[in-house]
file protein.csv (CSV, C-alpha atoms)
chain,number,residue,atom,x,y,z
E,1,MET,CA,-86.7,-87.5,97.1
E,2,PRO,CA,-86.9,-85.1,94.1
E,3,THR,CA,-84.2,-82.4,94.0
E,4,PRO,CA,-84.9,-78.7,93.5
E,5,ALA,CA,-83.6,-79.2,89.9
E,6,THR,CA,-86.3,-81.8,89.3
E,7,GLU,CA,-89.1,-79.5,90.7
E,8,LEU,CA,-87.7,-76.6,88.6
E,9,LEU,CA,-87.8,-78.7,85.4
E,10,LYS,CA,-91.4,-79.7,86.1
E,11,SER,CA,-92.5,-76.2,86.9
E,12,LYS,CA,-90.8,-74.8,83.8
E,13,TYR,CA,-92.8,-76.9,81.4
E,14,ASN,CA,-95.9,-77.2,83.5
E,15,THR,CA,-95.9,-81.0,83.2
E,16,SER,CA,-97.9,-82.1,86.3
E,17,ASP,CA,-97.8,-85.6,85.0
E,18,ALA,CA,-94.1,-85.7,84.5
E,19,PRO,CA,-92.5,-88.9,85.7
E,20,ASP,CA,-90.7,-89.1,89.0
E,21,ILE,CA,-87.0,-88.5,88.5
E,22,LYS,CA,-84.7,-90.1,91.0
E,23,ALA,CA,-82.0,-87.8,92.3
E,24,SER,CA,-78.4,-88.9,92.7
E,25,ASN,CA,-77.6,-86.0,95.0
E,26,PRO,CA,-80.6,-84.6,96.9
E,27,ALA,CA,-78.5,-81.8,98.4
E,28,PHE,CA,-77.4,-80.4,95.1
E,29,ILE,CA,-79.0,-77.1,93.8
E,30,PRO,CA,-77.9,-76.3,90.3
E,31,PRO,CA,-77.6,-72.8,88.9
E,32,THR,CA,-80.8,-71.5,87.3
E,33,GLN,CA,-81.6,-69.1,84.5
E,34,PRO,CA,-84.4,-66.5,84.8
E,35,LEU,CA,-87.8,-67.5,83.3
E,36,THR,CA,-90.5,-65.4,81.8
E,37,PRO,CA,-93.9,-65.4,83.6
E,38,GLY,CA,-95.1,-67.9,81.0
E,39,LYS,CA,-92.4,-70.3,82.2
E,40,GLN,CA,-90.7,-70.3,78.8
E,41,LEU,CA,-87.5,-72.3,77.9
E,42,PRO,CA,-84.3,-70.5,79.0
E,43,THR,CA,-83.4,-69.7,75.3
E,44,SER,CA,-86.8,-68.1,74.8
E,45,VAL,CA,-85.4,-65.3,77.0
E,46,PRO,CA,-83.0,-63.0,75.0
E,47,LEU,CA,-79.6,-64.5,75.2
E,48,PRO,CA,-76.9,-62.5,77.0
E,49,VAL,CA,-74.6,-60.5,74.7
E,50,LEU,CA,-71.1,-62.1,74.5
E,51,PRO,CA,-67.8,-61.0,72.9
E,52,ALA,CA,-67.6,-62.0,69.2
E,53,VAL,CA,-65.6,-65.2,69.5
E,54,GLU,CA,-67.5,-66.4,72.5
E,55,SER,CA,-70.8,-65.6,70.7
E,56,ALA,CA,-69.5,-67.6,67.8
E,57,LYS,CA,-68.7,-70.6,70.1
E,58,ARG,CA,-72.2,-70.5,71.3
E,59,LEU,CA,-73.6,-70.3,67.8
E,60,ALA,CA,-71.4,-73.3,66.7
E,61,ALA,CA,-72.6,-75.3,69.6
E,62,PHE,CA,-76.3,-74.5,69.0
E,63,ALA,CA,-76.0,-75.3,65.3
E,64,ALA,CA,-74.3,-78.6,66.1
E,65,VAL,CA,-77.0,-79.6,68.6
E,66,ASP,CA,-79.9,-78.5,66.3
E,67,ARG,CA,-78.5,-80.5,63.3
E,68,HIS,CA,-77.3,-83.6,65.0
E,69,ILE,CA,-79.4,-84.2,68.2
E,70,ALA,CA,-83.0,-85.1,67.3
E,71,LEU,CA,-85.9,-86.5,69.3
E,72,GLN,CA,-85.0,-90.1,68.7
E,73,HIS,CA,-81.5,-89.7,70.1
E,74,LYS,CA,-81.5,-91.1,73.6
E,75,VAL,CA,-77.9,-91.9,74.4
E,76,ILE,CA,-75.6,-88.8,74.0
E,77,GLY,CA,-71.9,-88.3,74.7
E,78,ILE,CA,-70.8,-85.0,76.0
E,79,GLY,CA,-67.1,-84.0,75.4
E,80,SER,CA,-64.8,-81.3,76.8
E,81,GLY,CA,-63.6,-77.9,75.8
E,82,SER,CA,-64.6,-74.3,76.0
E,83,THR,CA,-67.4,-74.6,73.5
E,84,VAL,CA,-69.1,-77.7,75.1
E,85,PRO,CA,-70.9,-75.8,77.9
E,86,TYR,CA,-73.0,-74.2,75.2
E,87,VAL,CA,-73.8,-77.6,73.8
E,88,VAL,CA,-75.3,-78.6,77.2
E,89,ASP,CA,-77.2,-75.2,77.3
E,90,ARG,CA,-78.8,-76.0,73.9
E,91,ILE,CA,-79.7,-79.6,74.9
E,92,VAL,CA,-81.4,-78.3,78.1
E,93,ALA,CA,-83.3,-75.8,76.0
E,94,GLN,CA,-84.8,-78.7,74.0
E,95,GLY,CA,-87.0,-79.1,77.0
E,96,PHE,CA,-88.0,-81.6,79.7
E,97,ASP,CA,-90.0,-83.9,77.4
E,98,ALA,CA,-87.0,-84.2,75.0
E,99,ASN,CA,-84.5,-85.0,77.8
E,100,LYS,CA,-86.6,-87.0,80.3
E,101,ASP,CA,-85.7,-90.4,78.6
E,102,ARG,CA,-82.2,-89.5,77.6
E,103,VAL,CA,-78.9,-90.5,79.3
E,104,PHE,CA,-75.7,-88.5,78.9
E,105,LEU,CA,-72.2,-90.0,79.0
E,106,PRO,CA,-69.2,-87.8,79.9
E,107,THR,CA,-65.7,-87.9,78.5
E,108,GLY,CA,-64.1,-86.5,81.7
E,109,PHE,CA,-64.6,-84.5,84.8
E,110,GLN,CA,-65.6,-81.3,83.1
E,111,SER,CA,-68.4,-82.9,81.1
E,112,LYS,CA,-69.5,-84.9,84.1
E,113,GLU,CA,-70.0,-81.7,86.1
E,114,LEU,CA,-71.8,-80.0,83.2
E,115,ILE,CA,-74.3,-82.9,83.0
E,116,ILE,CA,-74.9,-83.0,86.7
E,117,LYS,CA,-75.3,-79.2,87.1
E,118,ALA,CA,-77.8,-79.2,84.2
E,119,GLY,CA,-80.0,-81.7,85.9
E,120,LEU,CA,-79.6,-84.2,83.1
E,121,THR,CA,-79.3,-88.0,83.6
E,122,LEU,CA,-75.7,-89.2,84.0
E,123,GLY,CA,-74.6,-92.5,82.6
E,124,ASP,CA,-71.4,-94.2,81.7
E,125,VAL,CA,-70.0,-95.9,78.6
E,126,ASP,CA,-69.8,-99.3,80.4
E,127,GLN,CA,-73.6,-99.2,80.5
E,128,TYR,CA,-74.0,-98.1,76.9
E,129,ALA,CA,-71.6,-99.6,74.3
E,130,ARG,CA,-73.5,-97.8,71.5
E,131,ILE,CA,-74.1,-94.1,71.6
E,132,ASP,CA,-76.4,-92.1,69.2
E,133,VAL,CA,-74.4,-88.9,69.1
E,134,THR,CA,-71.2,-87.6,70.7
E,135,ILE,CA,-70.3,-83.9,70.5
E,136,ASP,CA,-66.8,-83.0,71.6
E,137,GLY,CA,-64.2,-80.3,71.3
E,138,ALA,CA,-60.7,-80.6,69.7
E,139,ASP,CA,-57.3,-79.1,70.0
E,140,GLU,CA,-56.8,-78.9,66.2
E,141,VAL,CA,-58.7,-80.1,63.1
E,142,ASP,CA,-57.3,-80.5,59.6
E,143,ASN,CA,-58.8,-80.3,56.1
E,144,GLU,CA,-60.0,-83.9,56.2
E,145,LEU,CA,-61.6,-83.5,59.6
E,146,ASN,CA,-58.8,-85.5,61.3
E,147,SER,CA,-58.1,-84.0,64.7
E,148,ILE,CA,-55.7,-83.8,67.6
E,149,LYS,CA,-57.2,-84.3,71.1
E,150,GLY,CA,-55.8,-84.9,74.5
E,151,GLY,CA,-54.7,-81.4,75.6
E,152,GLY,CA,-56.8,-82.1,78.7
E,153,ALA,CA,-55.3,-85.7,79.1
E,154,CYS,CA,-58.7,-87.3,78.3
E,155,GLN,CA,-58.0,-88.8,74.9
E,156,LEU,CA,-58.6,-92.4,75.9
E,157,ARG,CA,-62.1,-91.9,77.1
E,158,GLU,CA,-62.8,-89.3,74.4
E,159,LYS,CA,-61.9,-91.9,71.7
E,160,VAL,CA,-64.0,-94.6,73.3
E,161,LEU,CA,-67.0,-92.3,73.2
E,162,ALA,CA,-66.2,-91.2,69.7
E,163,GLU,CA,-65.9,-94.7,68.4
E,164,ALA,CA,-69.0,-95.9,70.2
E,165,ALA,CA,-71.1,-93.1,68.6
E,166,ASP,CA,-73.1,-93.5,65.4
E,167,THR,CA,-72.3,-89.8,64.8
E,168,TRP,CA,-69.3,-87.9,66.2
E,169,VAL,CA,-69.3,-84.1,65.8
E,170,ILE,CA,-66.7,-81.5,66.7
E,171,VAL,CA,-67.4,-78.0,68.0
E,172,ALA,CA,-64.5,-75.5,68.4
E,173,ASP,CA,-63.4,-72.0,67.7
E,174,TYR,CA,-61.6,-70.7,64.5
E,175,ARG,CA,-58.1,-71.2,66.1
E,176,LYS,CA,-58.5,-74.9,65.9
E,177,ASN,CA,-59.2,-74.9,62.2
E,178,SER,CA,-56.0,-75.8,60.3
E,179,ARG,CA,-55.0,-77.2,56.9
E,180,ILE,CA,-52.4,-79.6,58.4
E,181,LEU,CA,-52.3,-80.9,62.0
E,182,GLY,CA,-49.5,-79.5,64.1
E,183,THR,CA,-49.8,-76.0,62.6
E,184,THR,CA,-51.4,-74.3,65.6
E,185,TRP,CA,-51.2,-77.2,68.2
E,186,THR,CA,-47.4,-77.2,68.2
E,187,GLN,CA,-46.8,-79.0,71.5
E,188,GLY,CA,-47.2,-82.4,69.9
E,189,ILE,CA,-49.5,-85.4,69.8
E,190,PRO,CA,-50.8,-86.3,73.2
E,191,ILE,CA,-50.0,-90.0,73.9
E,192,GLU,CA,-51.2,-91.9,76.9
E,193,VAL,CA,-48.7,-94.5,78.2
E,194,ALA,CA,-48.4,-97.0,80.9
E,195,PRO,CA,-46.2,-95.3,83.6
E,196,PHE,CA,-43.6,-98.0,83.8
E,197,ALA,CA,-43.1,-97.9,80.0
E,198,TYR,CA,-42.8,-94.1,79.5
E,199,ALA,CA,-39.0,-94.1,79.1
E,200,LYS,CA,-39.0,-96.8,76.5
E,201,VAL,CA,-41.8,-95.1,74.6
E,202,LEU,CA,-40.0,-91.8,74.6
E,203,THR,CA,-36.9,-93.5,73.1
E,204,ASN,CA,-39.0,-95.2,70.4
E,205,LEU,CA,-40.8,-91.9,69.5
E,206,SER,CA,-37.4,-90.2,69.2
E,207,HIS,CA,-36.3,-92.9,66.8
E,208,MET,CA,-39.5,-92.3,64.8
E,209,GLY,CA,-38.5,-88.7,64.3
E,210,SER,CA,-40.0,-86.7,67.1
E,211,PRO,CA,-37.5,-84.0,68.0
E,212,SER,CA,-36.5,-83.2,71.5
E,213,LYS,CA,-36.4,-79.5,70.7
E,214,LEU,CA,-38.5,-77.4,68.3
E,215,PRO,CA,-37.1,-74.9,65.8
E,216,ASN,CA,-38.2,-72.0,68.1
E,217,ASP,CA,-36.2,-73.5,71.0
E,218,ARG,CA,-39.3,-74.6,72.8
E,219,PRO,CA,-39.2,-78.2,74.3
E,220,GLY,CA,-40.2,-80.9,71.9
E,221,LEU,CA,-40.7,-84.6,72.8
E,222,SER,CA,-41.4,-84.8,76.5
E,223,LEU,CA,-43.3,-86.3,79.4
E,224,ARG,CA,-46.0,-83.9,80.3
E,225,MET,CA,-45.4,-82.5,83.8
E,226,GLY,CA,-47.9,-81.0,86.3
E,227,LYS,CA,-48.0,-77.2,86.6
E,228,MET,CA,-49.2,-77.1,90.2
E,229,LYS,CA,-47.7,-80.3,91.4
E,230,ALA,CA,-44.3,-82.0,91.5
E,231,GLY,CA,-44.2,-84.8,89.0
E,232,PRO,CA,-45.9,-85.9,85.8
E,233,VAL,CA,-49.5,-85.3,84.8
E,234,VAL,CA,-51.6,-88.5,85.6
E,235,SER,CA,-54.7,-89.2,83.5
E,236,ASP,CA,-58.0,-90.3,84.9
E,237,ASN,CA,-56.9,-93.8,84.1
E,238,GLY,CA,-53.7,-93.6,86.1
E,239,ASN,CA,-51.4,-93.3,83.1
E,240,PHE,CA,-48.8,-90.7,82.0
E,241,ILE,CA,-49.0,-88.4,79.0
E,242,ILE,CA,-46.3,-87.8,76.5
E,243,ASP,CA,-46.4,-84.9,74.1
E,244,ALA,CA,-44.7,-85.8,70.8
E,245,PRO,CA,-44.4,-83.3,68.0
E,246,PHE,CA,-43.5,-84.5,64.5
E,247,PRO,CA,-42.2,-82.9,61.3
E,248,VAL,CA,-44.9,-81.5,58.9
E,249,GLU,CA,-44.1,-84.2,56.4
E,250,MET,CA,-45.2,-86.8,58.8
E,251,MET,CA,-48.2,-84.8,60.1
E,252,LYS,CA,-49.6,-84.7,56.5
E,253,ASP,CA,-50.4,-88.4,56.9
E,254,PRO,CA,-51.9,-88.6,60.4
E,255,ILE,CA,-53.5,-92.0,59.8
E,256,ASP,CA,-50.1,-93.7,59.1
E,257,LEU,CA,-48.6,-91.8,62.1
E,258,LEU,CA,-51.5,-93.0,64.3
E,259,HIS,CA,-50.9,-96.6,63.4
E,260,ARG,CA,-47.2,-96.4,63.9
E,261,ILE,CA,-47.5,-94.9,67.4
E,262,LYS,CA,-50.3,-97.2,68.4
E,263,MET,CA,-48.1,-100.2,67.7
E,264,LEU,CA,-45.5,-99.2,70.2
E,265,THR,CA,-45.6,-101.4,73.3
E,266,GLY,CA,-46.6,-99.3,76.3
E,267,VAL,CA,-48.9,-97.0,74.4
E,268,VAL,CA,-52.4,-97.0,75.7
E,269,GLU,CA,-54.0,-94.4,73.3
E,270,VAL,CA,-53.0,-91.8,70.8
E,271,GLY,CA,-54.6,-88.3,70.6
E,272,LEU,CA,-55.0,-88.6,66.8
E,273,PHE,CA,-58.7,-89.0,65.8
E,274,CYS,CA,-58.8,-89.9,62.1
E,275,ASN,CA,-61.8,-90.6,59.8
E,276,MET,CA,-64.2,-90.3,62.7
E,277,ALA,CA,-65.9,-86.9,62.5
E,278,GLU,CA,-69.2,-86.4,60.6
E,279,ALA,CA,-68.9,-82.6,60.8
E,280,ALA,CA,-67.0,-79.8,62.5
E,281,TYR,CA,-68.4,-76.4,63.5
E,282,PHE,CA,-66.0,-73.5,64.1
E,283,GLY,CA,-66.9,-70.2,65.7
E,284,ASN,CA,-65.3,-67.3,63.9
E,285,GLU,CA,-64.0,-63.9,65.0
E,286,ASP,CA,-66.8,-62.1,63.2
E,287,GLY,CA,-69.5,-64.0,65.1
E,288,THR,CA,-70.4,-66.5,62.3
E,289,VAL,CA,-69.8,-70.2,62.1
E,290,LEU,CA,-68.0,-72.3,59.5
E,291,ALA,CA,-69.5,-75.8,59.2
E,292,ARG,CA,-67.4,-78.4,57.5
E,293,LEU,CA,-68.9,-81.7,56.6
E,294,LYS,CA,-67.4,-85.1,56.0
E,295,ASN,CA,-68.3,-85.0,52.3
E,296,GLY,CA,-66.0,-82.0,51.9
E,297,SER,CA,-68.7,-79.3,51.7
E,298,THR,CA,-68.7,-76.2,53.8
E,299,GLU,CA,-71.4,-73.7,55.0
E,300,LYS,CA,-71.4,-70.3,56.7
E,301,ILE,CA,-73.9,-70.0,59.5
E,302,SER,CA,-74.9,-66.6,60.8
E,303,SER,CA,-77.8,-67.4,63.1
E,304,VAL,CA,-80.0,-70.2,64.6
E,305,PRO,CA,-83.5,-69.9,66.2
E,306,ASN,CA,-83.5,-68.7,69.8
E,307,THR,CA,-85.6,-71.8,70.6
E,308,PRO,CA,-84.6,-75.1,69.2
E,309,GLU,CA,-87.0,-76.6,66.7
E,310,LEU,CA,-87.2,-80.2,67.7
E,311,LYS,CA,-88.0,-82.9,65.2
E,312,ALA,CA,-87.1,-86.5,64.4
E,313,GLN,CA,-84.3,-86.9,61.8
E,314,VAL,CA,-85.0,-89.1,58.8
call {"tool": "encode", "arguments": {"input": "protein.csv", "output": "structure tokens"}}
result
Amino acid sequence: MPTPATELLKSKYNTSDAPDIKASNPAFIPPTQPLTPGKQLPTSVPLPVLPAVESAKRLAAFAAVDRHIALQHKVIGIGSGSTVPYVVDRIVAQGFDANKDRVFLPTGFQSKELIIKAGLTLGDVDQYARIDVTIDGADEVDNELNSIKGGGACQLREKVLAEAADTWVIVADYRKNSRILGTTWTQGIPIEVAPFAYAKVLTNLSHMGSPSKLPNDRPGLSLRMGKMKAGPVVSDNGNFIIDAPFPVEMMKDPIDLLHRIKMLTGVVEVGLFCNMAEAAYFGNEDGTVLARLKNGSTEKISSVPNTPELKAQV
């Protein structure tokens, strides 16, 4: 039985011959945006005015979608972070015809909810070993587009979707843009470990040079503990998370550090993403976007069309 979301999509674009869409949850009614009498796309209606940084996040997400998600892309990974909801908004604005044959793979609970509430088709990475494009957030990005991820304890799934993608793109705000990793994300590299091995991994990381206390007297190397529960944070995969800061000299070579940590017995995944991003889009305080590409070039973006211009990429 079609859901209200399905009927809404069909009515928006006046596609009486649109294919039947099977609903996974017939009782679900997603939030809707106001439409013009001509049933235009949501972004054909003037966008709400946002604070400068939030507006820049939206602009960064819109630019990333416009440049990297084209008509021929059918399997799309959706990451996490405060900028990613705008990614989903822009994808929805591409229209029913663009999205009817697409499947969207989440990196965690947040992105799964975004996909479902947008009325998009939900899939999983065990169904699709190859992904066309994945767009994700990051906790920090360096000059070489290496990044730290895992502040939300999803780095294992995030890395699987990043590695499976032909194109992996980062969207974030200006606070995540650094010259060297560890400059703004000071709590350490998130490391997912098997629960029974966490004590041994902590010892090994300490021997590698991760300090137990930071220069500002904040805690250093530690098992991540829950804030509203007694005990450690448990990932979606049933593992523990260790946060391991390292001296700046070691953070200057994140690839070597990644390999050394990954070789420790008991480590499931490391929140260092190296040599993976095709581009990164950072929303700035002044409402503009800094786009940094894999080839080292940069670009300042001040606007995108209200309605996405869909075309196939060469």
call {"tool": "residues_around", "arguments": {"input": "protein.csv", "residues": "Tyr198 (chain E)", "least_positions_apart": "2", "cutoff": "8 Å", "atoms": "all atoms listed in the file", "output": "ChimeraX atom specification"}}
result
/E:193-196,200-202,223,240,242,266
call {"tool": "closest_residue", "arguments": {"input": "protein.csv", "among": "E:Glu54, E:Asp286, E:Asp97, E:Asp66", "to": "Pro85 (chain E)", "atoms": "only C-alpha atoms"}}
result
E:Glu54
call {"tool": "closest_residue", "arguments": {"input": "protein.csv", "among": "E:His68, E:Arg224, E:Arg179, E:Lys213", "to": "Pro245 (chain E)", "atoms": "only C-alpha atoms"}}
result
E:Lys213
call {"tool": "atom_distance", "arguments": {"input": "protein.csv", "atom1": "CA of Ser206 (chain E)", "atom2": "CA of Leu221 (chain E)"}}
result
7.4 Å
call {"tool": "closest_residue", "arguments": {"input": "protein.csv", "among": "E:Met251, E:Ile69, E:Ile131, E:Val84", "to": "Ile189 (chain E)", "atoms": "all atoms listed in the file"}}
result
E:Met251
call {"tool": "residues_around", "arguments": {"input": "protein.csv", "residues": "Glu249 (chain E)", "least_positions_apart": "2", "cutoff": "12 Å", "atoms": "all atoms listed in the file", "output": "list of chain:residue names"}}
result
E:Ile180, E:Leu181, E:Gly182, E:Thr183, E:Gly209, E:Ser210, E:Pro245, E:Phe246, E:Pro247, E:Met251, E:Lys252, E:Asp253, E:Pro254, E:Asp256, E:Leu257
call {"tool": "atom_distance", "arguments": {"input": "protein.csv", "atom1": "CA of Lys100 (chain E)", "atom2": "CA of Leu71 (chain E)"}}
result
11.0 Å
call {"tool": "closest_residue", "arguments": {"input": "protein.csv", "among": "E:Thr288, E:Ser302, E:Asn204, E:Asn99", "to": "Val267 (chain E)", "atoms": "all atoms listed in the file"}}
result
E:Asn204
call {"tool": "residues_around", "arguments": {"input": "protein.csv", "residues": "Gly137 (chain E)", "least_positions_apart": "2", "cutoff": "8 Å", "atoms": "only C-alpha atoms", "output": "PyMOL selection string"}}
result
chain E and resi 79-84+135+139+170-172
call {"tool": "atom_distance", "arguments": {"input": "protein.csv", "atom1": "CA of Ala98 (chain E)", "atom2": "CA of Leu114 (chain E)"}}
result
17.8 Å
call {"tool": "closest_atom_pairs", "arguments": {"input": "protein.csv", "of": "region 42-154 of chain E", "to": "region 270-274 of chain E", "cutoff": "8 Å", "atoms": "all atoms listed in the file", "output": "CSV"}}
result
residue,atom,partner,partner_atom,distance
E:Leu145,CA,E:Cys274,CA,7.4
E:Asn146,CA,E:Cys274,CA,4.5
E:Ser147,CA,E:Phe273,CA,5.2
E:Ile148,CA,E:Leu272,CA,4.9
E:Lys149,CA,E:Gly271,CA,4.8
E:Gly150,CA,E:Gly271,CA,5.3
call {"tool": "residues_around", "arguments": {"input": "protein.csv", "residues": "Leu161 (chain E)", "least_positions_apart": "2", "cutoff": "10 Å", "atoms": "all atoms listed in the file", "output": "MDAnalysis selection string"}}
result
chainID E and resid 76:79 105:107 124:125 128:131 133:136 155:159 163:166 168
call {"tool": "closest_residue", "arguments": {"input": "protein.csv", "among": "E:Met276, E:Cys154, E:Ala63, E:Leu264", "to": "Asn239 (chain E)", "atoms": "only C-alpha atoms"}}
result
E:Cys154
call {"tool": "closest_residue", "arguments": {"input": "protein.csv", "among": "E:Ser55, E:Ala60, E:Asp101, E:Ala153", "to": "Lys300 (chain E)", "atoms": "all atoms listed in the file"}}
result
E:Ala60
call {"tool": "build_atoms", "arguments": {"input": "protein.csv", "residues": "region 287-301 of chain E", "atoms": "N, CA, C and O atoms", "output": "short mmCIF file (atom, residue, chain, number, x, y, z; two decimals), in the coordinates of the input"}}
result
data_model
loop_
_atom_site.label_atom_id
_atom_site.label_comp_id
_atom_site.auth_asym_id
_atom_site.auth_seq_id
_atom_site.Cartn_x
_atom_site.Cartn_y
_atom_site.Cartn_z
N GLY E 287 -68.24 -63.59 64.53
CA GLY E 287 -69.50 -64.00 65.10
C GLY E 287 -70.26 -65.03 64.28
O GLY E 287 -71.36 -65.45 64.66
N THR E 288 -69.72 -65.44 63.13
CA THR E 288 -70.40 -66.50 62.30
C THR E 288 -69.72 -67.83 62.60
O THR E 288 -68.75 -67.94 63.36
N VAL E 289 -70.27 -68.86 61.97
CA VAL E 289 -69.80 -70.20 62.10
C VAL E 289 -69.46 -70.84 60.78
O VAL E 289 -70.24 -70.69 59.83
N LEU E 290 -68.32 -71.50 60.69
CA LEU E 290 -68.00 -72.30 59.50
C LEU E 290 -68.29 -73.75 59.82
O LEU E 290 -67.71 -74.32 60.74
N ALA E 291 -69.22 -74.33 59.06
CA ALA E 291 -69.50 -75.80 59.20
C ALA E 291 -68.83 -76.51 58.09
O ALA E 291 -68.98 -76.19 56.92
N ARG E 292 -68.05 -77.52 58.48
CA ARG E 292 -67.40 -78.40 57.50
C ARG E 292 -67.86 -79.79 57.68
O ARG E 292 -67.84 -80.34 58.78
N LEU E 293 -68.31 -80.38 56.57
CA LEU E 293 -68.90 -81.70 56.60
C LEU E 293 -67.97 -82.76 56.07
O LEU E 293 -67.01 -82.46 55.35
N LYS E 294 -68.27 -84.00 56.40
CA LYS E 294 -67.40 -85.10 56.00
C LYS E 294 -67.31 -85.27 54.50
O LYS E 294 -66.27 -85.70 53.98
N ASN E 295 -68.35 -84.87 53.76
CA ASN E 295 -68.30 -85.00 52.30
C ASN E 295 -67.51 -83.89 51.62
O ASN E 295 -67.44 -83.82 50.39
N GLY E 296 -66.89 -83.01 52.43
CA GLY E 296 -66.00 -82.00 51.90
C GLY E 296 -66.72 -80.62 51.68
O GLY E 296 -66.05 -79.62 51.39
N SER E 297 -68.02 -80.55 51.84
CA SER E 297 -68.70 -79.30 51.70
C SER E 297 -68.59 -78.41 52.90
O SER E 297 -68.31 -78.89 54.00
N THR E 298 -68.78 -77.12 52.70
CA THR E 298 -68.70 -76.20 53.80
C THR E 298 -69.94 -75.25 53.75
O THR E 298 -70.60 -75.11 52.73
N GLU E 299 -70.22 -74.63 54.88
CA GLU E 299 -71.40 -73.70 55.00
C GLU E 299 -71.08 -72.66 56.01
O GLU E 299 -70.48 -72.94 57.06
N LYS E 300 -71.50 -71.44 55.73
CA LYS E 300 -71.40 -70.30 56.70
C LYS E 300 -72.71 -70.13 57.38
O LYS E 300 -73.74 -69.96 56.72
N ILE E 301 -72.71 -70.16 58.71
CA ILE E 301 -73.90 -70.00 59.50
C ILE E 301 -73.85 -68.71 60.27
O ILE E 301 -72.87 -68.45 60.96
#
